[in-house]
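Encoded as structure tokens, the structure appears first; notes follow it.
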Amino acid sequence: MGQRHILALFNNFENAEAAIYELRAADIKGFNFDDLTLKSPIEHHEVEDILGQRSAKVHWFTLVGALLGGLLGFFLISGAQANFYAQMKGGKPIVPLPPNFMLAYEMFILGGVCLSVLGFLICAGLPAKRSSLYSAKVSEDQIGVLVKADESAMAKIKGVLLNHEALEIQEEAGK
Amino acid sequence: MEKDIREDIAWAQINKDVLGSLEAPRPLYWVILLAAIAMIGVAVGCEIYQYQVGIGAANMNNPHAWGLYISTFIFWIGMSHSGTLLSAILHLMHADWRKPIYRFAEAMTTFSLMTAGLFVMIHLGRLWQFYYSLPYPDERGLWPNFQSPLLWDAMAIFTYLSSSIIFLYVGMIPDLAICRDSMHPGWRKKLYSLLSLGWEGTDRQWRNFRVTYLMIACFLIPLAVSVHSIVAADFAMSQQPGWHVTSFPPYFVAGALYSGCSGIITLFIILRYVFKFEEYMTLSILKKIVRLTFAIAMVWTYLNAVEFASVWYSHDQPSKDVLIQKASGTYAPFWWGMIFCGSIVPLTLAFKRAQTNIPVLFAVSLLVNLGMWLERWMIVAPTFSHGIYPWTWDHDQWPSFVQWGIVFGSFGWFVLLFMVFCKVFPSVSMYEVKEMVYHRSLHLKKSGAAGRGAH
């Protein structure tokens, strides 16, 4: 059976949370709770209590970026210094560690920051095309609950959303 | 007690007010913009003259190799620390009063760094040979000296500028989506659609956004400290009297935070009026920044005293001579001006009535930054004119109109970039102000309910 999307707009978080809570509790055939998305104008991490802990893996990108950045910085500079071998160093070390750590530290940070952003884009699914079920009111003051489910489950889902004072419901056939 | 923000502002109203600032600022905006362009014109004229005649036109000659250019470079690097303080440090400390004002402080960071970077090139004189400083294998066999703090400085500033731009941009994505959704078709809508990356405010996006913002904030704090410590190392790692001081890195960092905070006060007052942000940039928030500035002013004063004491009791005669020369020689009026503007003027901020008096605060913030600029000049010039070697003594070179003109124009350049930014991008973070209003109203509801329960 084909799947469809439905977007309900709420006036506040309380109603949206209550609707999500009921959808989670209700055993609706053809609806998987993980296919529910909350869209909001602000970050509302209290919703994680209801949506469940959905992971954010950006920090792994940060770790890898910082380590790679630091190592790259150190070896890039040391490599350049090693090329000086033919030059007179006046008894000084060819690869002086303290200044190289200084530069590696800066690259450590740069790598961490750059890969954090890359991780953010990958994990948040950006850049993305705007979904067809999107309301500009979400960027203003309304809370959206986007649900993907089988066509057969739509009536029940709509009922739950309307029970919790959804201001508006938009529907569209899923891909 | 006055509130940081009203809890009953409608979210739609926040969007309307901030988006309104992009379209219809007060007429003073255009006056500031024109003045900034005129100031840049002066600097461009001076730079063209210096380019054609040579660095001698700036009245720079040995031993004065840096002049006002490097002094002003340090000033602008210092100014950049405001954004990190408000965005990153206060973010980690959950100080939510920063929310309406951190965006413009971040913009200050980015544009101050861009302004600072110009001086590094200008002070070379032969700025077309700037590429010599880049590390790449070439037929000249010349490499930059990786053991020099000047190279660390270049690396640190590049990292800081890149990270600041990234931090500013990432933090702005949800607001860019608001702009995209609210603007009529035209160049603005196209720009915001492109930059908002298709943001829709899903729980997945917000979750990853929160972690990313936190991660970058955590990196920016040590980065900001390292940047100004390294700028301090440009001086402290030399053997020059007056520079070879252990307390220089914390002294520079404190000075940077100090001038950054004063810069925030100045721009807070200007933006509040020009963009009609009275509802968001409240006097209560201003009072908090003022108190923070006062605290940092006292730290800076203390570190100054530490520096003077360590030089005085070190029995290092050349360093002592430089200190005596600063206090009683040619540069004495400027050195005492620095002490007056940096340590005496901020005492005004200790008075409650002054903490919300806008004309007083505007004047104090400008004087403090004048003092901070003098501080940087007083670090650079007196040492050059009274070094260890006798040939450097009594070389009190007065900067020519070329140096003054370029320094003057740099303020215009900064203001131009900043003002254009505030007209194109929201200078108040809409989603964070909504969060602030939401959490405060929630808190009010809870405390109201608790109050009713108690009775």
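Just so we're on the same page: first chain in the structure tokens is A, next is B, and so on; residues restart at 1 for each chain, and ligands are numbered from 1 in the order they show up.
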Find the residues of chain A in contact range of chain B, meaning any atom within 9 Å when counting only C-alpha atoms, and list them as a VMD selection string. chain A and resid 37 to 45 47 to 48 54 to 59 62 77 80 to 81 84 96 98 to 100 102 to 103 105 to 107 109 to 110 112 to 114 116 to 117 119 to 121 123 to 131 134 to 141 144
Filtering to C-alpha atoms, could you give me those residues as an mmCIF file, in the first residue's frame?
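Resulting contents of result12.cif:
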data_model
loop_
_atom_site.group_PDB
_atom_site.id
_atom_site.type_symbol
_atom_site.label_atom_id
_atom_site.label_comp_id
_atom_site.auth_asym_id
_atom_site.auth_seq_id
_atom_site.Cartn_x
_atom_site.Cartn_y
_atom_site.Cartn_z
ATOM 1 C CA THR A 37 9.143 14.380 12.572
ATOM 2 C CA LEU A 38 8.655 17.451 14.707
ATOM 3 C CA LYS A 39 9.236 20.815 13.046
ATOM 4 C CA SER A 40 9.573 23.811 15.295
ATOM 5 C CA PRO A 41 10.711 27.450 15.209
ATOM 6 C CA ILE A 42 13.008 26.877 18.189
ATOM 7 C CA GLU A 43 14.999 24.033 19.585
ATOM 8 C CA HIS A 44 12.818 22.112 22.007
ATOM 9 C CA HIS A 45 14.868 19.335 23.495
ATOM 10 C CA VAL A 47 10.524 16.629 23.002
ATOM 11 C CA GLU A 48 13.251 13.994 23.203
ATOM 12 C CA ARG A 54 17.570 10.002 18.508
ATOM 13 C CA SER A 55 21.307 10.139 18.172
ATOM 14 C CA ALA A 56 23.466 13.060 17.016
ATOM 15 C CA LYS A 57 26.838 11.806 15.856
ATOM 16 C CA VAL A 58 28.460 15.151 15.097
ATOM 17 C CA HIS A 59 30.940 14.781 17.953
ATOM 18 C CA THR A 62 34.676 16.639 15.559
ATOM 19 C CA ILE A 77 55.280 21.550 8.797
ATOM 20 C CA ALA A 80 58.610 21.192 5.003
ATOM 21 C CA GLN A 81 61.314 21.533 7.636
ATOM 22 C CA PHE A 84 65.482 22.216 4.677
ATOM 23 C CA PRO A 96 61.832 21.710 16.346
ATOM 24 C CA PRO A 98 57.726 23.256 20.526
ATOM 25 C CA PRO A 99 56.890 25.601 17.618
ATOM 26 C CA ASN A 100 55.492 22.713 15.616
ATOM 27 C CA MET A 102 51.958 25.445 18.390
ATOM 28 C CA LEU A 103 51.046 25.216 14.722
ATOM 29 C CA TYR A 105 47.370 23.078 17.898
ATOM 30 C CA GLU A 106 45.884 25.655 15.525
ATOM 31 C CA MET A 107 45.358 22.985 12.862
ATOM 32 C CA ILE A 109 41.164 23.375 16.128
ATOM 33 C CA LEU A 110 40.660 24.187 12.455
ATOM 34 C CA GLY A 112 37.799 20.038 14.485
ATOM 35 C CA VAL A 113 35.680 23.011 13.464
ATOM 36 C CA CYS A 114 35.620 22.173 9.754
ATOM 37 C CA SER A 116 32.085 19.434 12.847
ATOM 38 C CA VAL A 117 30.354 21.467 10.176
ATOM 39 C CA GLY A 119 29.280 16.274 10.273
ATOM 40 C CA PHE A 120 26.423 18.662 10.916
ATOM 41 C CA LEU A 121 25.554 18.828 7.232
ATOM 42 C CA CYS A 123 23.819 14.228 10.073
ATOM 43 C CA ALA A 124 21.166 16.922 9.634
ATOM 44 C CA GLY A 125 20.650 16.017 5.980
ATOM 45 C CA LEU A 126 21.626 19.430 4.656
ATOM 46 C CA PRO A 127 21.610 20.938 2.105
ATOM 47 C CA ALA A 128 18.153 19.631 1.283
ATOM 48 C CA LYS A 129 15.368 20.464 -1.081
ATOM 49 C CA ARG A 130 12.398 21.908 0.698
ATOM 50 C CA SER A 131 9.833 19.181 1.316
ATOM 51 C CA TYR A 134 6.272 22.604 4.611
ATOM 52 C CA SER A 135 4.578 25.588 6.099
ATOM 53 C CA ALA A 136 6.321 28.929 6.527
ATOM 54 C CA LYS A 137 4.344 29.269 9.756
ATOM 55 C CA VAL A 138 6.786 26.775 11.285
ATOM 56 C CA SER A 139 9.527 29.362 10.994
ATOM 57 C CA GLU A 140 7.245 31.879 12.661
ATOM 58 C CA ASP A 141 5.318 30.563 15.633
ATOM 59 C CA GLY A 144 4.525 21.114 12.853
#
Near Ala19 (chain A), counting only C-alpha atoms, which residues have an atom at most 9 Å away, once you skip same-chain residues fewer than 6 positions from it, shown as a PyMOL selection string? chain A and resi 145+160-166
Mind writing the picked residues with N, CA and C atoms as a PDB file, in the first residue's frame?
ATOM      1  N   VAL A 145       3.891  18.790  13.006  1.00  0.00           N
ATOM      2  CA  VAL A 145       4.157  17.359  13.214  1.00  0.00           C
ATOM      3  C   VAL A 145       3.959  16.691  11.856  1.00  0.00           C
ATOM      4  N   VAL A 160      -6.305  11.638  15.637  1.00  0.00           N
ATOM      5  CA  VAL A 160      -5.489  11.942  16.829  1.00  0.00           C
ATOM      6  C   VAL A 160      -5.000  13.388  16.774  1.00  0.00           C
ATOM      7  N   LEU A 161      -4.524  13.788  15.613  1.00  0.00           N
ATOM      8  CA  LEU A 161      -3.977  15.158  15.479  1.00  0.00           C
ATOM      9  C   LEU A 161      -5.059  16.207  15.698  1.00  0.00           C
ATOM     10  N   LEU A 162      -6.229  15.940  15.154  1.00  0.00           N
ATOM     11  CA  LEU A 162      -7.332  16.896  15.328  1.00  0.00           C
ATOM     12  C   LEU A 162      -7.830  16.937  16.771  1.00  0.00           C
ATOM     13  N   ASN A 163      -7.780  15.776  17.431  1.00  0.00           N
ATOM     14  CA  ASN A 163      -8.183  15.717  18.845  1.00  0.00           C
ATOM     15  C   ASN A 163      -7.371  16.668  19.707  1.00  0.00           C
ATOM     16  N   HIS A 164      -6.133  16.908  19.262  1.00  0.00           N
ATOM     17  CA  HIS A 164      -5.248  17.762  20.062  1.00  0.00           C
ATOM     18  C   HIS A 164      -5.138  19.168  19.469  1.00  0.00           C
ATOM     19  N   GLU A 165      -6.211  19.576  18.891  1.00  0.00           N
ATOM     20  CA  GLU A 165      -6.370  20.960  18.421  1.00  0.00           C
ATOM     21  C   GLU A 165      -5.366  21.370  17.349  1.00  0.00           C
ATOM     22  N   ALA A 166      -5.154  20.489  16.387  1.00  0.00           N
ATOM     23  CA  ALA A 166      -4.314  20.885  15.247  1.00  0.00           C
ATOM     24  C   ALA A 166      -5.013  22.029  14.525  1.00  0.00           C
TER      25      ALA A 166
END
Which residues are close to Arg291 (chain B), i.e. within 8 Å by only C-alpha atoms, leaving aside same-chain residues fewer than 4 positions away? Reply as a PyMOL selection string. chain B and resi 287+295+349-350+355
For region 263-269 of chain B, find every residue with an atom within 10 Å (counting only C-alpha atoms), except residues of its own chain fewer than 4 positions away, and show them as a PDB file with N, CA and C atoms, in the first residue's frame.
ATOM      1  N   MET B  79      39.733  43.563  19.452  1.00  0.00           N
ATOM      2  CA  MET B  79      38.304  43.837  19.289  1.00  0.00           C
ATOM      3  C   MET B  79      37.541  42.565  18.925  1.00  0.00           C
ATOM      4  N   SER B  80      38.236  41.671  18.248  1.00  0.00           N
ATOM      5  CA  SER B  80      37.560  40.455  17.775  1.00  0.00           C
ATOM      6  C   SER B  80      37.174  39.508  18.921  1.00  0.00           C
ATOM      7  N   SER B  82      35.365  40.025  21.396  1.00  0.00           N
ATOM      8  CA  SER B  82      34.023  40.265  21.922  1.00  0.00           C
ATOM      9  C   SER B  82      33.065  39.153  21.552  1.00  0.00           C
ATOM     10  N   GLY B  83      33.121  38.748  20.281  1.00  0.00           N
ATOM     11  CA  GLY B  83      32.184  37.738  19.799  1.00  0.00           C
ATOM     12  C   GLY B  83      32.370  36.421  20.508  1.00  0.00           C
ATOM     13  N   LEU B  86      30.946  36.656  24.085  1.00  0.00           N
ATOM     14  CA  LEU B  86      29.474  36.626  24.182  1.00  0.00           C
ATOM     15  C   LEU B  86      28.885  35.346  23.614  1.00  0.00           C
ATOM     16  N   ILE B 101      21.970  39.715  21.666  1.00  0.00           N
ATOM     17  CA  ILE B 101      23.098  40.569  21.239  1.00  0.00           C
ATOM     18  C   ILE B 101      24.310  39.797  20.723  1.00  0.00           C
ATOM     19  N   TYR B 102      24.283  38.477  20.823  1.00  0.00           N
ATOM     20  CA  TYR B 102      25.521  37.772  20.465  1.00  0.00           C
ATOM     21  C   TYR B 102      25.801  37.793  18.975  1.00  0.00           C
ATOM     22  N   PHE B 104      25.502  40.178  16.699  1.00  0.00           N
ATOM     23  CA  PHE B 104      26.297  41.312  16.211  1.00  0.00           C
ATOM     24  C   PHE B 104      27.701  41.273  16.803  1.00  0.00           C
ATOM     25  N   ALA B 105      27.828  40.666  17.999  1.00  0.00           N
ATOM     26  CA  ALA B 105      29.175  40.533  18.569  1.00  0.00           C
ATOM     27  C   ALA B 105      30.004  39.557  17.733  1.00  0.00           C
ATOM     28  N   MET B 108      31.082  41.326  14.772  1.00  0.00           N
ATOM     29  CA  MET B 108      32.221  42.190  15.129  1.00  0.00           C
ATOM     30  C   MET B 108      33.521  41.403  15.058  1.00  0.00           C
ATOM     31  N   LEU B 257      39.648  41.257  25.633  1.00  0.00           N
ATOM     32  CA  LEU B 257      38.279  41.115  26.124  1.00  0.00           C
ATOM     33  C   LEU B 257      37.714  42.480  26.529  1.00  0.00           C
ATOM     34  N   TYR B 258      38.596  43.281  27.087  1.00  0.00           N
ATOM     35  CA  TYR B 258      38.198  44.614  27.565  1.00  0.00           C
ATOM     36  C   TYR B 258      37.763  45.500  26.395  1.00  0.00           C
ATOM     37  N   SER B 259      38.625  45.591  25.381  1.00  0.00           N
ATOM     38  CA  SER B 259      38.263  46.456  24.254  1.00  0.00           C
ATOM     39  C   SER B 259      37.067  45.867  23.506  1.00  0.00           C
ATOM     40  N   TYR B 273      19.409  52.040  18.542  1.00  0.00           N
ATOM     41  CA  TYR B 273      18.699  53.209  18.010  1.00  0.00           C
ATOM     42  C   TYR B 273      18.434  53.051  16.510  1.00  0.00           C
ATOM     43  N   VAL B 274      19.477  52.714  15.761  1.00  0.00           N
ATOM     44  CA  VAL B 274      19.355  52.725  14.300  1.00  0.00           C
ATOM     45  C   VAL B 274      18.325  51.702  13.811  1.00  0.00           C
ATOM     46  N   PHE B 277      15.725  48.529  17.965  1.00  0.00           N
ATOM     47  CA  PHE B 277      15.750  47.284  18.727  1.00  0.00           C
ATOM     48  C   PHE B 277      15.539  47.518  20.228  1.00  0.00           C
ATOM     49  N   GLU B 278      14.852  48.588  20.589  1.00  0.00           N
ATOM     50  CA  GLU B 278      14.691  48.915  22.014  1.00  0.00           C
ATOM     51  C   GLU B 278      14.051  47.773  22.796  1.00  0.00           C
ATOM     52  N   MET B 281      17.217  44.867  22.755  1.00  0.00           N
ATOM     53  CA  MET B 281      18.482  45.283  23.371  1.00  0.00           C
ATOM     54  C   MET B 281      18.104  46.183  24.544  1.00  0.00           C
ATOM     55  N   THR B 282      17.723  45.546  25.614  1.00  0.00           N
ATOM     56  CA  THR B 282      17.155  46.307  26.731  1.00  0.00           C
ATOM     57  C   THR B 282      18.248  46.882  27.640  1.00  0.00           C
ATOM     58  N   LEU B 283      17.830  47.824  28.468  1.00  0.00           N
ATOM     59  CA  LEU B 283      18.784  48.450  29.390  1.00  0.00           C
ATOM     60  C   LEU B 283      19.288  47.431  30.413  1.00  0.00           C
ATOM     61  N   ILE B 285      19.969  44.293  29.833  1.00  0.00           N
ATOM     62  CA  ILE B 285      21.071  43.547  29.194  1.00  0.00           C
ATOM     63  C   ILE B 285      22.309  44.444  29.130  1.00  0.00           C
ATOM     64  N   LEU B 286      22.076  45.711  28.792  1.00  0.00           N
ATOM     65  CA  LEU B 286      23.199  46.655  28.717  1.00  0.00           C
ATOM     66  C   LEU B 286      23.910  46.736  30.066  1.00  0.00           C
ATOM     67  N   LYS B 287      23.112  46.734  31.119  1.00  0.00           N
ATOM     68  CA  LYS B 287      23.691  46.823  32.468  1.00  0.00           C
ATOM     69  C   LYS B 287      24.604  45.615  32.742  1.00  0.00           C
ATOM     70  N   ILE B 289      26.267  43.842  30.517  1.00  0.00           N
ATOM     71  CA  ILE B 289      27.531  43.979  29.751  1.00  0.00           C
ATOM     72  C   ILE B 289      28.423  45.007  30.435  1.00  0.00           C
ATOM     73  N   VAL B 290      27.807  46.070  30.930  1.00  0.00           N
ATOM     74  CA  VAL B 290      28.579  47.138  31.573  1.00  0.00           C
ATOM     75  C   VAL B 290      29.300  46.580  32.805  1.00  0.00           C
ATOM     76  N   THR B 293      32.142  44.499  31.706  1.00  0.00           N
ATOM     77  CA  THR B 293      33.238  45.361  31.234  1.00  0.00           C
ATOM     78  C   THR B 293      34.002  45.938  32.418  1.00  0.00           C
ATOM     79  N   ILE B 358      22.643  56.093  28.739  1.00  0.00           N
ATOM     80  CA  ILE B 358      23.183  55.831  27.405  1.00  0.00           C
ATOM     81  C   ILE B 358      24.243  56.848  26.952  1.00  0.00           C
ATOM     82  N   PRO B 359      24.017  58.153  27.083  1.00  0.00           N
ATOM     83  CA  PRO B 359      25.083  59.085  26.650  1.00  0.00           C
ATOM     84  C   PRO B 359      26.391  58.861  27.410  1.00  0.00           C
ATOM     85  N   LEU B 361      27.420  56.047  28.850  1.00  0.00           N
ATOM     86  CA  LEU B 361      28.017  54.775  28.435  1.00  0.00           C
ATOM     87  C   LEU B 361      28.659  54.882  27.052  1.00  0.00           C
ATOM     88  N   PHE B 362      28.003  55.622  26.171  1.00  0.00           N
ATOM     89  CA  PHE B 362      28.550  55.787  24.826  1.00  0.00           C
ATOM     90  C   PHE B 362      29.912  56.472  24.904  1.00  0.00           C
ATOM     91  N   ALA B 363      29.955  57.554  25.710  1.00  0.00           N
ATOM     92  CA  ALA B 363      31.218  58.303  25.856  1.00  0.00           C
ATOM     93  C   ALA B 363      32.278  57.427  26.525  1.00  0.00           C
ATOM     94  N   VAL B 364      31.884  56.703  27.574  1.00  0.00           N
ATOM     95  CA  VAL B 364      32.856  55.863  28.289  1.00  0.00           C
ATOM     96  C   VAL B 364      33.396  54.765  27.368  1.00  0.00           C
ATOM     97  N   SER B 365      32.494  54.133  26.606  1.00  0.00           N
ATOM     98  CA  SER B 365      32.956  53.035  25.750  1.00  0.00           C
ATOM     99  C   SER B 365      33.941  53.541  24.695  1.00  0.00           C
ATOM    100  N   LEU B 366      33.683  54.736  24.163  1.00  0.00           N
ATOM    101  CA  LEU B 366      34.611  55.287  23.164  1.00  0.00           C
ATOM    102  C   LEU B 366      35.952  55.645  23.807  1.00  0.00           C
ATOM    103  N   VAL B 368      37.240  54.316  26.510  1.00  0.00           N
ATOM    104  CA  VAL B 368      37.952  53.077  26.864  1.00  0.00           C
ATOM    105  C   VAL B 368      38.666  52.528  25.640  1.00  0.00           C
ATOM    106  N   ASN B 369      37.975  52.542  24.500  1.00  0.00           N
ATOM    107  CA  ASN B 369      38.631  52.009  23.310  1.00  0.00           C
ATOM    108  C   ASN B 369      39.744  52.912  22.801  1.00  0.00           C
ATOM    109  N   VAL B 415      33.290  49.683  10.085  1.00  0.00           N
ATOM    110  CA  VAL B 415      31.890  50.131  10.228  1.00  0.00           C
ATOM    111  C   VAL B 415      31.095  49.799   8.966  1.00  0.00           C
ATOM    112  N   PHE B 418      30.344  46.098   8.899  1.00  0.00           N
ATOM    113  CA  PHE B 418      29.401  45.775   9.976  1.00  0.00           C
ATOM    114  C   PHE B 418      27.990  46.254   9.638  1.00  0.00           C
TER     115      PHE B 418
END
9 Å contact set for Ser343 (chain B), only C-alpha atoms, chain neighbours under 4 positions out, as a PDB file with N, CA and C atoms, in the first residue's frame:
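Output file selection-v2.pdb is given in full below:
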ATOM      1  N   ALA B 297      37.846  45.492  33.203  1.00  0.00           N
ATOM      2  CA  ALA B 297      38.686  46.697  33.327  1.00  0.00           C
ATOM      3  C   ALA B 297      39.592  46.589  34.548  1.00  0.00           C
ATOM      4  N   MET B 298      39.041  46.053  35.625  1.00  0.00           N
ATOM      5  CA  MET B 298      39.841  45.930  36.847  1.00  0.00           C
ATOM      6  C   MET B 298      40.941  44.867  36.683  1.00  0.00           C
ATOM      7  N   TRP B 300      42.363  44.114  33.854  1.00  0.00           N
ATOM      8  CA  TRP B 300      43.362  44.734  32.968  1.00  0.00           C
ATOM      9  C   TRP B 300      44.244  45.704  33.759  1.00  0.00           C
ATOM     10  N   THR B 301      43.629  46.474  34.646  1.00  0.00           N
ATOM     11  CA  THR B 301      44.395  47.425  35.464  1.00  0.00           C
ATOM     12  C   THR B 301      45.380  46.676  36.354  1.00  0.00           C
ATOM     13  N   MET B 338      46.515  56.562  28.180  1.00  0.00           N
ATOM     14  CA  MET B 338      46.122  55.147  28.228  1.00  0.00           C
ATOM     15  C   MET B 338      45.675  54.764  29.640  1.00  0.00           C
ATOM     16  N   ILE B 339      46.470  55.184  30.636  1.00  0.00           N
ATOM     17  CA  ILE B 339      46.130  54.855  32.029  1.00  0.00           C
ATOM     18  C   ILE B 339      44.799  55.510  32.414  1.00  0.00           C
ATOM     19  N   LEU B 347      35.942  53.559  35.972  1.00  0.00           N
ATOM     20  CA  LEU B 347      35.429  53.620  37.349  1.00  0.00           C
ATOM     21  C   LEU B 347      34.008  54.207  37.370  1.00  0.00           C
ATOM     22  N   VAL B 368      37.240  54.316  26.510  1.00  0.00           N
ATOM     23  CA  VAL B 368      37.952  53.077  26.864  1.00  0.00           C
ATOM     24  C   VAL B 368      38.666  52.528  25.640  1.00  0.00           C
ATOM     25  N   GLY B 371      41.645  54.428  24.889  1.00  0.00           N
ATOM     26  CA  GLY B 371      42.707  53.991  25.807  1.00  0.00           C
ATOM     27  C   GLY B 371      43.323  52.674  25.360  1.00  0.00           C
TER      28      GLY B 371
END
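For region 35-123 of chain A, backbone-based DSSP labels the following residues as strand (DSSP E or B): Asp35, Leu36, Thr37, Leu38 and Lys39 of chain A.
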Neighbouring residues of Lys148 (chain A) were defined as those with any atom within 6 Å, considering only C-alpha atoms; residues of the same chain fewer than 2 positions away were excluded. Please report them as a PyMOL selection string. chain A and resi 4-5+35
DSSP-assigned helix (DSSP H, G or I) members of region 12-155 of chain A, reported as an MDAnalysis selection string: chainID A and resid 13:25 45:51 58:86 97:124 136:139 151:155
Judged by only C-alpha atoms, the minimum distance to Val360 (chain B) among B:Asn304, B:Ser385, B:Ala43, B:Val345 is found for B:Val345
